[in-house]
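Peer 1: mmCIF, C-alpha atoms and all ligand atoms, file run.cif:
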data_final
loop_
_atom_site.label_atom_id
_atom_site.label_comp_id
_atom_site.auth_asym_id
_atom_site.auth_seq_id
_atom_site.Cartn_x
_atom_site.Cartn_y
_atom_site.Cartn_z
CA MET A 299 1.43 -13.57 -21.78
CA ALA A 300 5.17 -13.43 -20.99
CA ASP A 301 7.65 -14.48 -23.65
CA PRO A 302 9.08 -17.99 -23.15
CA PRO A 303 12.55 -17.85 -21.58
CA ALA A 304 15.45 -17.61 -24.03
CA VAL A 305 18.19 -20.22 -23.58
CA LEU A 306 21.48 -20.79 -25.38
CA VAL A 307 23.01 -24.10 -26.50
CA SER A 308 26.71 -24.09 -27.45
CA GLY A 309 27.55 -26.87 -29.96
CA ALA A 310 25.41 -28.54 -32.64
CA SER A 311 26.36 -32.21 -32.48
CA PHE A 312 24.52 -35.02 -30.67
CA ALA A 313 24.42 -33.35 -27.25
CA GLY A 314 23.51 -29.90 -28.62
CA LEU A 315 20.87 -31.02 -31.12
CA ALA A 316 19.22 -33.41 -28.63
CA THR A 317 19.26 -30.80 -25.84
CA ALA A 318 17.75 -28.21 -28.20
CA PHE A 319 15.08 -30.72 -29.27
CA TRP A 320 13.89 -31.22 -25.69
CA LEU A 321 14.19 -27.54 -24.72
CA THR A 322 11.89 -26.48 -27.58
CA ARG A 323 9.36 -29.07 -26.38
CA LEU A 324 9.60 -27.69 -22.85
CA GLY A 325 8.65 -24.29 -24.25
CA TYR A 326 11.99 -22.49 -24.24
CA ARG A 327 13.14 -20.16 -27.01
CA VAL A 328 16.37 -21.82 -28.13
CA THR A 329 19.43 -20.38 -29.87
CA ILE A 330 22.22 -22.74 -30.96
CA VAL A 331 25.72 -21.32 -31.45
CA GLU A 332 28.08 -23.63 -33.38
CA ALA A 333 31.72 -22.76 -34.05
CA ALA A 334 31.79 -24.56 -37.42
CA ASN A 335 30.01 -23.17 -40.49
CA GLY A 336 27.69 -26.18 -40.59
CA LEU A 337 27.21 -29.52 -38.84
CA ARG A 338 30.60 -31.16 -38.28
CA ARG A 339 30.48 -34.38 -40.25
CA GLY A 340 32.59 -37.53 -40.40
CA GLY A 341 33.69 -40.13 -37.88
CA THR A 342 32.79 -43.71 -37.15
CA PRO A 343 29.24 -45.06 -36.70
CA VAL A 344 27.27 -44.69 -33.48
CA ASP A 345 25.92 -47.64 -31.47
CA ILE A 346 22.28 -47.42 -30.44
CA GLU A 347 21.16 -49.80 -27.71
CA GLY A 348 19.47 -49.98 -24.29
CA GLU A 349 18.31 -46.61 -22.94
CA THR A 350 19.33 -44.89 -26.18
CA ILE A 351 16.61 -46.85 -28.03
CA GLU A 352 14.05 -45.67 -25.46
CA VAL A 353 15.30 -42.08 -25.79
CA LEU A 354 15.11 -42.12 -29.60
CA SER A 355 11.63 -43.66 -29.38
CA GLU A 356 10.51 -40.84 -27.07
CA MET A 357 11.97 -38.38 -29.56
CA GLY A 358 9.96 -40.04 -32.36
CA MET A 359 13.15 -40.89 -34.27
CA ILE A 360 13.64 -44.62 -33.80
CA ASP A 361 11.96 -45.59 -37.12
CA ALA A 362 14.24 -43.17 -38.99
CA VAL A 363 17.25 -44.69 -37.19
CA ARG A 364 16.13 -48.25 -38.00
CA ALA A 365 15.70 -47.27 -41.65
CA LYS A 366 19.35 -46.15 -41.79
CA ALA A 367 20.76 -48.92 -39.55
CA LEU A 368 23.87 -50.62 -40.87
CA PRO A 369 23.93 -54.41 -41.31
CA PRO A 370 25.24 -56.28 -38.22
CA ARG A 371 29.05 -56.48 -38.20
CA GLU A 372 31.34 -59.37 -37.30
CA PHE A 373 34.09 -58.37 -34.84
CA VAL A 374 37.25 -60.50 -34.85
CA PHE A 375 40.76 -60.39 -33.44
CA LYS A 376 43.53 -61.46 -35.84
CA ASP A 377 47.11 -62.69 -35.52
CA ALA A 378 50.02 -61.55 -37.70
CA ALA A 379 49.22 -64.28 -40.26
CA ASP A 380 45.62 -62.98 -40.50
CA ARG A 381 44.26 -66.04 -38.70
CA THR A 382 41.19 -65.36 -36.56
CA LEU A 383 41.83 -65.71 -32.81
CA GLY A 384 38.18 -65.29 -31.87
CA GLY A 385 35.53 -62.65 -31.73
CA LEU A 386 31.85 -61.86 -31.92
CA THR A 387 29.60 -63.02 -34.76
CA ALA A 388 27.33 -60.68 -36.69
CA SER A 389 23.81 -61.06 -35.43
CA ARG A 390 20.74 -58.92 -34.95
CA PRO A 391 18.82 -59.93 -31.81
CA GLU A 392 15.13 -60.36 -32.52
CA ASP A 393 13.89 -59.55 -29.00
CA ALA A 394 13.34 -55.85 -28.26
CA ALA A 395 15.24 -55.99 -24.94
CA SER A 396 18.57 -56.78 -26.56
CA ALA A 397 18.05 -54.82 -29.80
CA ARG A 398 21.10 -52.96 -31.03
CA TYR A 399 21.63 -50.76 -34.07
CA GLU A 400 24.60 -49.07 -35.63
CA ILE A 401 24.15 -45.96 -37.75
CA HIS A 402 26.60 -43.71 -39.58
CA ARG A 403 27.39 -40.61 -37.48
CA ASP A 404 26.24 -38.28 -40.28
CA ASP A 405 22.88 -40.06 -40.69
CA LEU A 406 22.10 -39.60 -37.00
CA LEU A 407 23.16 -35.95 -37.15
CA ASP A 408 20.80 -35.41 -40.11
CA ILE A 409 17.87 -37.03 -38.27
CA LEU A 410 18.43 -34.82 -35.21
CA PHE A 411 19.01 -31.67 -37.27
CA ALA A 412 15.79 -32.19 -39.26
CA ALA A 413 13.83 -32.30 -35.99
CA VAL A 414 15.11 -28.94 -34.68
CA GLU A 415 16.05 -27.06 -37.87
CA GLY A 416 13.01 -24.76 -38.04
CA ALA A 417 12.38 -24.56 -34.30
CA VAL A 418 15.54 -22.79 -33.12
CA GLU A 419 17.63 -19.74 -33.98
CA TRP A 420 20.98 -20.69 -35.56
CA ARG A 421 24.34 -18.99 -35.17
CA PHE A 422 26.78 -21.01 -37.25
CA GLY A 423 30.42 -19.90 -37.53
CA CYS A 424 30.20 -18.20 -34.15
CA ALA A 425 31.15 -18.97 -30.54
CA ILE A 426 30.91 -17.58 -27.04
CA ALA A 427 33.81 -15.16 -26.44
CA ALA A 428 32.94 -14.21 -22.85
CA LEU A 429 30.15 -14.82 -20.36
CA GLU A 430 28.88 -13.67 -17.00
CA ASN A 431 26.97 -16.28 -15.01
CA GLY A 432 24.74 -13.89 -13.07
CA PRO A 433 21.94 -14.49 -10.52
CA ASN A 434 19.17 -13.65 -13.02
CA CYS A 435 20.66 -14.58 -16.39
CA VAL A 436 23.81 -15.55 -18.27
CA SER A 437 25.12 -12.55 -20.22
CA VAL A 438 27.01 -13.69 -23.30
CA THR A 439 29.30 -11.86 -25.69
CA PHE A 440 29.79 -13.70 -28.98
CA THR A 441 32.91 -13.75 -31.16
CA ASP A 442 31.17 -11.45 -33.69
CA GLY A 443 30.79 -8.82 -30.94
CA SER A 444 27.03 -9.25 -30.47
CA GLN A 445 25.58 -9.85 -27.00
CA GLY A 446 22.62 -11.64 -25.48
CA ASP A 447 21.08 -12.51 -22.11
CA TYR A 448 19.86 -16.06 -21.56
CA ALA A 449 17.96 -17.69 -18.70
CA LEU A 450 20.12 -20.81 -19.04
CA LEU A 451 23.21 -21.87 -20.98
CA PHE A 452 23.97 -25.45 -22.00
CA GLY A 453 27.56 -26.35 -22.86
CA CYS A 454 27.32 -29.08 -25.52
CA ASP A 455 30.58 -28.17 -27.21
CA GLY A 456 32.53 -31.41 -26.95
CA ASN A 457 35.54 -32.65 -25.01
CA ARG A 458 37.44 -29.36 -25.52
CA SER A 459 34.38 -27.41 -24.38
CA ASN A 460 34.58 -23.66 -24.59
CA THR A 461 31.70 -23.28 -22.11
CA ARG A 462 33.53 -25.45 -19.59
CA ALA A 463 36.72 -23.39 -19.97
CA LEU A 464 34.85 -20.08 -19.56
CA ALA A 465 32.54 -21.01 -16.69
CA PHE A 466 34.11 -23.71 -14.51
CA ALA A 467 37.01 -23.02 -12.14
CA ASP A 468 38.26 -26.64 -12.34
CA ALA A 469 38.05 -26.87 -16.15
CA GLY A 470 41.82 -27.06 -16.54
CA ALA A 471 42.04 -30.29 -14.52
CA ALA A 472 39.07 -32.00 -16.18
CA SER A 473 40.91 -34.04 -18.81
CA TYR A 474 41.86 -37.56 -17.70
CA TYR A 475 44.63 -39.03 -19.87
CA MET A 476 44.04 -42.75 -20.56
CA GLY A 477 47.59 -43.57 -21.60
CA GLY A 478 47.50 -43.62 -25.38
CA TYR A 479 46.83 -41.94 -28.74
CA PHE A 480 44.76 -42.88 -31.71
CA TYR A 481 44.62 -42.06 -35.41
CA LEU A 482 41.41 -42.43 -37.41
CA ARG A 483 40.72 -41.98 -41.09
CA VAL A 484 37.65 -42.97 -43.11
CA VAL A 485 38.47 -43.89 -46.73
CA MET A 486 36.01 -44.50 -49.56
CA GLU A 487 37.75 -47.75 -50.46
CA THR A 488 36.85 -51.22 -49.41
CA GLY A 489 39.80 -53.36 -50.57
CA LEU A 490 41.29 -53.96 -47.11
CA LEU A 491 38.59 -56.27 -45.77
CA PRO A 492 35.09 -57.51 -46.66
CA ALA A 493 32.04 -55.41 -45.80
CA ASP A 494 30.39 -55.66 -42.38
CA ARG A 495 33.51 -56.79 -40.53
CA THR A 496 35.77 -55.34 -37.87
CA GLN A 497 39.28 -56.76 -37.64
CA VAL A 498 41.75 -55.99 -34.85
CA PHE A 499 45.46 -56.83 -34.70
CA SER A 500 47.62 -55.97 -31.68
CA VAL A 501 51.23 -56.22 -30.60
CA PRO A 502 52.31 -54.94 -27.17
CA GLY A 503 51.45 -51.24 -26.99
CA ARG A 504 50.09 -50.99 -30.54
CA THR A 505 46.75 -51.87 -32.14
CA ALA A 506 45.53 -51.65 -35.74
CA MET A 507 41.80 -51.83 -36.39
CA LEU A 508 39.76 -51.89 -39.59
CA ASN A 509 35.99 -51.43 -39.84
CA GLY A 510 34.65 -52.51 -43.23
CA TYR A 511 31.32 -51.27 -44.67
CA GLU A 512 29.73 -51.56 -48.13
CA ASP A 513 31.06 -48.19 -49.25
CA ARG A 514 33.96 -47.26 -46.93
CA THR A 515 36.61 -48.43 -44.48
CA ASP A 516 37.64 -46.95 -41.12
CA ILE A 517 41.39 -47.09 -40.57
CA ALA A 518 42.29 -46.87 -36.88
CA LEU A 519 45.75 -47.05 -35.33
CA ALA A 520 46.30 -46.69 -31.59
CA PHE A 521 49.43 -46.74 -29.47
CA ARG A 522 50.25 -46.53 -25.79
CA SER A 523 52.34 -43.77 -24.26
CA ALA A 524 52.80 -43.67 -20.48
CA THR A 525 52.86 -39.87 -20.53
CA PRO A 526 51.28 -37.37 -22.92
CA ILE A 527 53.42 -36.45 -25.93
CA ASP A 528 54.11 -32.94 -27.10
CA TYR A 529 52.87 -32.07 -30.61
CA ASP A 530 51.24 -29.25 -32.52
CA PHE A 531 47.58 -30.18 -33.09
CA ARG A 532 47.55 -28.03 -36.28
CA ASP A 533 50.62 -29.75 -37.78
CA LYS A 534 49.23 -32.70 -39.74
CA ALA A 535 52.65 -33.68 -41.16
CA GLN A 536 54.04 -34.00 -37.63
CA GLN A 537 51.08 -36.18 -36.61
CA ARG A 538 51.62 -38.46 -39.65
CA ARG A 539 55.29 -38.81 -38.60
CA ILE A 540 54.24 -39.73 -35.04
CA VAL A 541 51.98 -42.46 -36.44
CA HIS A 542 54.85 -43.77 -38.61
CA ASP A 543 57.26 -43.72 -35.66
CA HIS A 544 54.95 -46.09 -33.81
CA PHE A 545 53.73 -48.32 -36.65
CA ASP A 546 56.59 -48.68 -39.15
CA GLY A 547 57.71 -52.31 -39.20
CA MET A 548 54.44 -53.70 -37.79
CA GLY A 549 52.98 -56.67 -39.69
CA TRP A 550 49.48 -57.79 -40.72
CA LYS A 551 47.75 -55.14 -42.92
CA VAL A 552 49.56 -52.22 -41.30
CA PRO A 553 51.76 -51.33 -44.35
CA GLU A 554 48.58 -50.89 -46.47
CA MET A 555 47.02 -48.85 -43.67
CA LEU A 556 50.10 -46.62 -43.48
CA ALA A 557 49.79 -45.93 -47.23
CA HIS A 558 46.42 -44.34 -46.38
CA VAL A 559 48.04 -42.36 -43.56
CA ASP A 560 50.41 -40.84 -46.15
CA ALA A 561 47.68 -40.00 -48.67
CA GLU A 562 46.06 -36.54 -48.77
CA GLY A 563 42.83 -36.24 -46.82
CA ASP A 564 41.31 -35.41 -43.48
CA PHE A 565 42.07 -37.52 -40.42
CA TYR A 566 41.66 -37.43 -36.67
CA PHE A 567 44.58 -37.76 -34.25
CA ASP A 568 44.18 -37.27 -30.51
CA GLN A 569 44.90 -38.67 -27.08
CA ALA A 570 42.51 -41.17 -25.59
CA SER A 571 41.05 -39.09 -22.78
CA GLN A 572 37.95 -38.61 -20.69
CA ILE A 573 36.38 -35.60 -19.04
CA ARG A 574 35.94 -35.99 -15.29
CA MET A 575 34.37 -32.95 -13.62
CA ALA A 576 33.62 -32.49 -9.91
CA LYS A 577 30.28 -30.95 -10.90
CA TRP A 578 28.44 -30.65 -14.24
CA SER A 579 26.71 -27.34 -13.54
CA THR A 580 27.43 -23.96 -12.07
CA GLY A 581 24.71 -21.35 -11.50
CA ARG A 582 22.64 -21.13 -14.69
CA ILE A 583 25.05 -23.19 -16.81
CA ALA A 584 25.02 -26.99 -17.31
CA LEU A 585 27.22 -29.27 -19.40
CA VAL A 586 25.84 -32.10 -21.57
CA GLY A 587 27.68 -34.91 -23.39
CA ASP A 588 31.42 -34.89 -23.98
CA ALA A 589 31.73 -31.33 -22.57
CA GLY A 590 30.83 -32.58 -19.09
CA TYR A 591 31.59 -36.29 -19.07
CA CYS A 592 33.33 -37.55 -22.22
CA VAL A 593 33.67 -41.32 -21.86
CA SER A 594 36.26 -41.53 -24.73
CA PRO A 595 36.06 -43.35 -28.07
CA VAL A 596 37.32 -46.49 -26.27
CA ALA A 597 33.92 -46.77 -24.58
CA GLY A 598 32.15 -46.73 -27.97
CA PHE A 599 29.33 -44.91 -26.19
CA GLY A 600 29.92 -41.16 -26.68
CA GLY A 601 26.99 -40.53 -29.02
CA SER A 602 24.60 -42.57 -26.89
CA MET A 603 25.74 -40.89 -23.68
CA ALA A 604 25.07 -37.46 -25.21
CA LEU A 605 21.51 -38.49 -26.20
CA ILE A 606 20.87 -40.04 -22.78
CA GLY A 607 22.30 -36.95 -21.04
CA ALA A 608 20.05 -34.56 -22.98
CA SER A 609 16.98 -36.67 -22.24
CA ARG A 610 17.76 -36.97 -18.50
CA LEU A 611 18.36 -33.21 -18.32
CA ALA A 612 15.01 -32.54 -20.02
CA LYS A 613 13.20 -34.82 -17.56
CA ALA A 614 14.84 -33.00 -14.62
CA LEU A 615 13.84 -29.60 -16.04
CA ARG A 616 10.27 -30.86 -16.48
CA HIS A 617 10.14 -31.95 -12.82
CA HIS A 618 11.65 -28.67 -11.57
CA PRO A 619 10.27 -26.08 -14.02
CA ASP A 620 11.04 -23.07 -11.85
CA ASP A 621 14.22 -24.20 -10.15
CA HIS A 622 17.18 -24.73 -12.46
CA GLU A 623 19.53 -25.57 -9.57
CA ALA A 624 17.26 -28.41 -8.40
CA ALA A 625 16.90 -29.59 -12.00
CA PHE A 626 20.66 -29.56 -12.65
CA GLY A 627 21.26 -31.35 -9.33
CA ALA A 628 18.72 -34.08 -10.15
CA TYR A 629 20.16 -34.51 -13.67
CA GLU A 630 23.65 -35.06 -12.29
CA ALA A 631 22.63 -37.23 -9.32
CA GLY A 632 20.70 -39.55 -11.64
CA LEU A 633 23.27 -39.86 -14.40
CA ARG A 634 26.68 -39.63 -12.69
CA PRO A 635 26.87 -43.24 -11.38
CA PHE A 636 26.19 -44.58 -14.89
CA VAL A 637 28.74 -42.22 -16.48
CA GLU A 638 31.39 -43.18 -13.93
CA ALA A 639 30.78 -46.89 -14.49
CA VAL A 640 31.14 -46.47 -18.28
CA GLN A 641 34.30 -44.37 -17.84
CA GLU A 642 35.86 -46.86 -15.43
CA ARG A 643 35.13 -49.78 -17.74
CA ALA A 644 36.62 -47.99 -20.76
CA ALA A 645 39.76 -46.97 -18.83
CA THR A 646 40.41 -50.50 -17.53
CA THR A 647 38.78 -53.43 -19.39
CA GLY A 648 38.28 -51.48 -22.61
CA MET A 649 41.90 -50.33 -22.83
CA ALA A 650 43.25 -53.80 -21.91
CA MET A 651 41.04 -55.54 -24.50
CA LEU A 652 41.49 -53.16 -27.41
CA PHE A 653 44.95 -51.69 -26.68
CA PRO A 654 46.96 -54.13 -24.53
CA ALA A 655 49.91 -52.24 -23.06
CA ASP A 656 52.56 -54.98 -22.87
CA GLU A 657 53.30 -58.65 -23.54
CA ALA A 658 51.57 -59.85 -20.34
CA GLU A 659 48.39 -57.86 -21.04
CA LEU A 660 48.34 -59.06 -24.65
CA GLU A 661 48.71 -62.71 -23.61
CA ALA A 662 45.96 -62.37 -21.00
CA ARG A 663 43.72 -60.76 -23.60
CA ASP A 664 44.38 -63.47 -26.20
CA ARG A 665 43.61 -66.18 -23.64
CA LYS A 666 40.25 -64.49 -23.00
CA ILE A 667 39.53 -64.22 -26.74
CA ARG A 668 40.32 -67.91 -27.33
CA ALA A 669 38.03 -68.81 -24.41
CA GLY A 670 35.24 -66.66 -25.90
CA ALA A 671 35.29 -64.34 -22.87
CA ILE A 672 35.33 -61.01 -24.70
CA ASP A 673 34.20 -58.17 -22.46
CA PHE A 674 34.52 -54.47 -23.24
C1 LIG B 1 33.66 -34.32 -36.65
C2 LIG B 1 33.57 -35.27 -35.48
C3 LIG B 1 33.93 -36.60 -35.66
C4 LIG B 1 33.89 -37.49 -34.59
N1 LIG B 1 34.23 -38.81 -34.80
C5 LIG B 1 34.17 -39.68 -33.78
C6 LIG B 1 34.55 -41.05 -33.97
O1 LIG B 1 34.94 -41.44 -35.04
N2 LIG B 1 34.48 -41.89 -32.90
C7 LIG B 1 34.05 -41.47 -31.68
O2 LIG B 1 34.00 -42.26 -30.74
N3 LIG B 1 33.69 -40.16 -31.48
C8 LIG B 1 33.76 -39.27 -32.49
N4 LIG B 1 33.41 -37.97 -32.29
C9 LIG B 1 32.97 -37.57 -30.95
C10 LIG B 1 31.52 -37.96 -30.77
O3 LIG B 1 30.72 -37.27 -31.70
C11 LIG B 1 31.16 -37.58 -29.35
O4 LIG B 1 31.89 -38.39 -28.44
C12 LIG B 1 29.74 -37.83 -28.98
O5 LIG B 1 28.92 -37.82 -30.06
C13 LIG B 1 29.27 -36.80 -27.96
O6 LIG B 1 28.74 -35.72 -28.66
P1 LIG B 1 28.84 -34.24 -28.19
O7 LIG B 1 27.74 -33.53 -28.90
O8 LIG B 1 28.91 -34.17 -26.72
O9 LIG B 1 30.27 -33.75 -28.69
P2 LIG B 1 30.83 -33.59 -30.17
O10 LIG B 1 30.24 -34.58 -31.09
O11 LIG B 1 32.30 -33.53 -30.06
O12 LIG B 1 30.29 -32.15 -30.64
C14 LIG B 1 30.71 -30.91 -30.13
C15 LIG B 1 30.18 -29.82 -31.05
O13 LIG B 1 30.52 -28.55 -30.47
C16 LIG B 1 31.09 -27.74 -31.47
N5 LIG B 1 32.00 -26.79 -30.83
C17 LIG B 1 33.27 -26.99 -30.40
N6 LIG B 1 33.76 -25.87 -29.84
C18 LIG B 1 32.78 -24.95 -29.91
C19 LIG B 1 32.68 -23.61 -29.49
N7 LIG B 1 33.70 -22.97 -28.92
N8 LIG B 1 31.53 -22.94 -29.71
C20 LIG B 1 30.48 -23.56 -30.32
N9 LIG B 1 30.52 -24.84 -30.76
C21 LIG B 1 31.66 -25.51 -30.54
C22 LIG B 1 31.81 -28.72 -32.40
O14 LIG B 1 32.06 -28.14 -33.66
C23 LIG B 1 30.80 -29.85 -32.44
O15 LIG B 1 29.80 -29.63 -33.40
C24 LIG B 1 33.47 -37.04 -33.31
C25 LIG B 1 33.12 -35.70 -33.12
C26 LIG B 1 33.16 -34.81 -34.19
C27 LIG B 1 32.77 -33.35 -33.96
#
What's the C-alpha cells form of this structure?

Peer 2:
Amino acid sequence: MADPPAVLVSGASFAGLATAFWLTRLGYRVTIVEAANGLRRGGTPVDIEGETIEVLSEMGMIDAVRAKALPPREFVFKDAADRTLGGLTASRPEDAASARYEIHRDDLLDILFAAVEGAVEWRFGCAIAALENGPNCVSVTFTDGSQGDYALLFGCDGNRSNTRALAFADAGAASYYMGGYFYLRVVMETGLLPADRTQVFSVPGRTAMLNGYEDRTDIALAFRSATPIDYDFRDKAQQRRIVHDHFDGMGWKVPEMLAHVDAEGDFYFDQASQIRMAKWSTGRIALVGDAGYCVSPVAGFGGSMALIGASRLAKALRHHPDDHEAAFGAYEAGLRPFVEAVQERAATTGMAMLFPADEAELEARDRKIRAGAIDF
C-alpha cells in the first residue's frame, strides 16, 4: 500500500493545530513547522459560539472547553466619573442555540495541542526559508537548511504569514489598515476592577478597556491614527512612549493603567488591521486563519474564525479527495462571504462602537448605549 501523502502546516496556533487535527483524520502524514520554540502563549480569551461550538463538538473537544469556560462577564461603558452609561449584563443562555463560552487562549491551545501532539511530526524553532510550488509537490527549504517535498502546504502562520509572503504575488497588498493602534498587556493583578467585568472608557480617538478575571486583568489602550505611524516593532521603549503620547492626561483609570505600561513585562502593540486577499490558495498551497483572512482583534472572532476555517477546509478536502484545486476552491467559495461580513462589521460598526474616532461618533455611540442598542 502507498504511503499516505505528506503535508506541511506552517504555524502551531489555532489555525495550524486545528488544520493538523483534521488532516491526520483524513489520513495525511502531517508535519508542523512553528517558528517559536514552543506554543506561543498569552493574549486575551477566545469567544466560542455558533458554528465554533459545532466545530469543537465534531472535534470531540467541547466538553473540555466547557470545563475550562470562564464565568460570564458583564460588559459596561463608563464615563470619566466611573458612572455606568450602559452595557450588557453577565448571563449564560440556557438554550443550546444561543450558548456562548469564553476560554483563556492558553487553555484552548492546550486542548488542541493534546489532540495532535502524538499524531504529527514537530519542527519547533524552525520556519520555511524558501519554497517552490510545483505541479506535483511543494518543495520546501527550511531555515535549518533541511529540505522536504509535500503534497500540500497550509499557511497557518498568522497575520504576518511567511507562507503568504513566499507564495502569493499580491501578499504585499494584503494588509488593510483600520485606522488605529492598540496596546495590550495581561497583568496578574486584579485591583483595577472586580472579576468578571469588562469596562470601557472613551474620549474622541482614544479608548481604554479593562477585562477583569479572578486571577488577572487585561489592560487595553487603543487610539486612532488616520495614517499608519512609523515605529520600530522591536523597540519596546519607543512603543511605550507612543502609548504615553496618546494617553497622558486622559482621565478615568488611565493613570493606573499607564503605570502598568511603564512596568517591566511583555506586551503587545500593533496596528488594527485585517488581511484581505484576492484568493486564499495558489497551486498546492492554501491559507487558513489570520494568514489568509485576519478579521482583526476588533472583531473578537479571530480564534473562532481559524477553527471554522480549518473545519471547512477539511470538509472540502473530504469531498474532493483527489483534487486539491477543487477542494481549495470550495473551501473559499463557502467561507469567503462570512469572512467578508465579519471583516466589514469590525471595520465599521465595531470600530465606531469600541473606538469612536471623533466627538460626533462618540456622541452617537453614547446615545446608542443609553438606548440599549449596543451592536458590535
Ligand atoms: C501570542 C499571541 C497572542 C495573541 N493575543 C491575541 C489577543 O489578545 N487578542 C486577539 O484578538 N488575538 C490575539 N492573537 C491572535 C489570535 O490568536 C488570532 O487572531 C487567531 O487565533 C487566529 O489564529 P491563527 O492560528 O490564524 O494565527 P495566530 O494565533 O497569530 O498564530 C500564528 C502562529 O504561526 C506562528 N508563526 C509565525 N510566523 C511563522 C513562520 N514564519 N513559520 C512558522 N510559524 C510561524 C506563530 O508563532 C503562531 O504560533 C494572538 C496571537 C498570538 C500568537

Peer 1: So that I can see what lies close to stretch 432-436 of chain A, please list as an MDAnalysis selection string the residues with an atom at most 9 Å from it, counting all atoms listed in the file and leaving out residues fewer than 5 positions away in the same chain.

Peer 2: chainID A and resid 446:451 581:583

Peer 1: Could you please give me, as a ChimeraX atom specification, the residues of protein, DNA or RNA lying at most 9 Å from (32.0, -53.3, -43.0) in the coordinate frame of the file, considering all atoms listed in the file?

Peer 2: /A:368-372,488,491-496,508-516

Peer 1: If you take all atoms listed in the file and a cut-off of 6 Å, which residues of chain A touch ligand LIG 1 (chain B), and what are their nearest atom pairs and distances in Å to one decimal, in chain and number order, as a tab-separated table?

Peer 2:
residue	atom	partner	partner_atom	distance
A:Ser308	CA	B:LIG1	C20	4.8
A:Gly309	CA	B:LIG1	O13	3.5
A:Ala310	CA	B:LIG1	O15	4.6
A:Ser311	CA	B:LIG1	O7	4.1
A:Phe312	CA	B:LIG1	O7	4.0
A:Ala313	CA	B:LIG1	O7	3.7
A:Gly314	CA	B:LIG1	O7	5.6
A:Val331	CA	B:LIG1	C20	5.4
A:Glu332	CA	B:LIG1	N9	3.8
A:Ala333	CA	B:LIG1	C20	4.0
A:Ala334	CA	B:LIG1	O14	5.2
A:Arg338	CA	B:LIG1	C1	4.7
A:Arg339	CA	B:LIG1	C1	4.8
A:Gly340	CA	B:LIG1	C3	5.0
A:Gly341	CA	B:LIG1	O1	3.4
A:Thr342	CA	B:LIG1	O1	3.8
A:Ala425	CA	B:LIG1	N8	4.1
A:Cys454	CA	B:LIG1	O8	5.5
A:Asp455	CA	B:LIG1	O13	3.3
A:Gly456	CA	B:LIG1	O9	3.7
A:Ser459	CA	B:LIG1	N6	5.7
A:Asn460	CA	B:LIG1	N7	4.5
A:Gly587	CA	B:LIG1	O8	3.6
A:Asp588	CA	B:LIG1	O8	3.8
A:Ala589	CA	B:LIG1	O8	5.8
A:Pro595	CA	B:LIG1	O2	3.5
A:Gly598	CA	B:LIG1	O2	5.6
A:Gly600	CA	B:LIG1	O4	3.8
A:Gly601	CA	B:LIG1	O5	3.5
A:Ala604	CA	B:LIG1	C13	5.1

Peer 1: Write a file of the just-selected residues containing C-alpha atoms, as a compact mmCIF listing (two decimals), in the coordinates of the input.

Peer 2:
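Heads up, here's the output in result-v4.txt:
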# COMPACT_ATOMS: atom_id res chain seq x y z
CA SER A 308 26.71 -24.09 -27.45
CA GLY A 309 27.55 -26.87 -29.96
CA ALA A 310 25.41 -28.54 -32.64
CA SER A 311 26.36 -32.21 -32.48
CA PHE A 312 24.52 -35.02 -30.67
CA ALA A 313 24.42 -33.35 -27.25
CA GLY A 314 23.51 -29.90 -28.62
CA VAL A 331 25.72 -21.32 -31.45
CA GLU A 332 28.08 -23.63 -33.38
CA ALA A 333 31.72 -22.76 -34.05
CA ALA A 334 31.79 -24.56 -37.42
CA ARG A 338 30.60 -31.16 -38.28
CA ARG A 339 30.48 -34.38 -40.25
CA GLY A 340 32.59 -37.53 -40.40
CA GLY A 341 33.69 -40.13 -37.88
CA THR A 342 32.79 -43.71 -37.15
CA ALA A 425 31.15 -18.97 -30.54
CA CYS A 454 27.32 -29.08 -25.52
CA ASP A 455 30.58 -28.17 -27.21
CA GLY A 456 32.53 -31.41 -26.95
CA SER A 459 34.38 -27.41 -24.38
CA ASN A 460 34.58 -23.66 -24.59
CA GLY A 587 27.68 -34.91 -23.39
CA ASP A 588 31.42 -34.89 -23.98
CA ALA A 589 31.73 -31.33 -22.57
CA PRO A 595 36.06 -43.35 -28.07
CA GLY A 598 32.15 -46.73 -27.97
CA GLY A 600 29.92 -41.16 -26.68
CA GLY A 601 26.99 -40.53 -29.02
CA ALA A 604 25.07 -37.46 -25.21

Peer 1: Quick one: distance from atom CA of A:Trp320 to atom CA of A:Ala428 in Å, one decimal?

Peer 2: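 We find that atom CA of A:Trp320 and atom CA of A:Ala428 lie 25.7 Å from each other.
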
Peer 1: Counting all atoms listed in the file, which residue out of A:Val307, A:Leu633, A:Val559, A:Leu321 sits closest to A:Ile540?

Peer 2: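 Of the candidates, the smallest distance to A:Ile540 is held by A:Val559.
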
Peer 1: Considering all atoms listed in the file, state which residue in the set A:Phe375, A:Ile517, A:Ser602, A:Phe466 is at the smallest distance from A:Met486.

Peer 2: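 Looking only at the distances to A:Met486, the closest residue turns out to be A:Ile517.
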
Peer 1: Would you mind reading off the distance between atom CA of A:His618 and atom CA of A:Val438, one decimal, in Å?

Peer 2: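 Going from atom CA of A:His618 over to atom CA of A:Val438 covers 24.5 Å.
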
Peer 1: Could you list, as a ChimeraX atom specification, every residue within 8 Å of stretch 563-575 of chain A, counting all atoms listed in the file and ignoring same-chain residues fewer than 3 positions away?

Peer 2: /A:457,468-469,472-484,526,537,578,588-596,641

Peer 1: Where atoms are absent from stretch 426-430 of chain A, fill them in so it carries N, CA and C atoms, then output it as a short mmCIF file (atom, residue, chain, number, x, y, z; two decimals), in the coordinates of the input.

Peer 2:
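Generated file (selection.cif):
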data_model
loop_
_atom_site.label_atom_id
_atom_site.label_comp_id
_atom_site.auth_asym_id
_atom_site.auth_seq_id
_atom_site.Cartn_x
_atom_site.Cartn_y
_atom_site.Cartn_z
N ILE A 426 30.97 -18.47 -28.20
CA ILE A 426 30.91 -17.58 -27.04
C ILE A 426 32.32 -17.06 -26.78
N ALA A 427 32.49 -15.75 -26.72
CA ALA A 427 33.81 -15.16 -26.44
C ALA A 427 33.97 -14.90 -24.94
N ALA A 428 32.88 -14.50 -24.28
CA ALA A 428 32.94 -14.21 -22.85
C ALA A 428 31.54 -14.39 -22.27
N LEU A 429 31.47 -14.69 -20.98
CA LEU A 429 30.15 -14.82 -20.36
C LEU A 429 30.20 -14.40 -18.90
N GLU A 430 29.03 -13.98 -18.42
CA GLU A 430 28.88 -13.67 -17.00
C GLU A 430 27.70 -14.47 -16.48
#
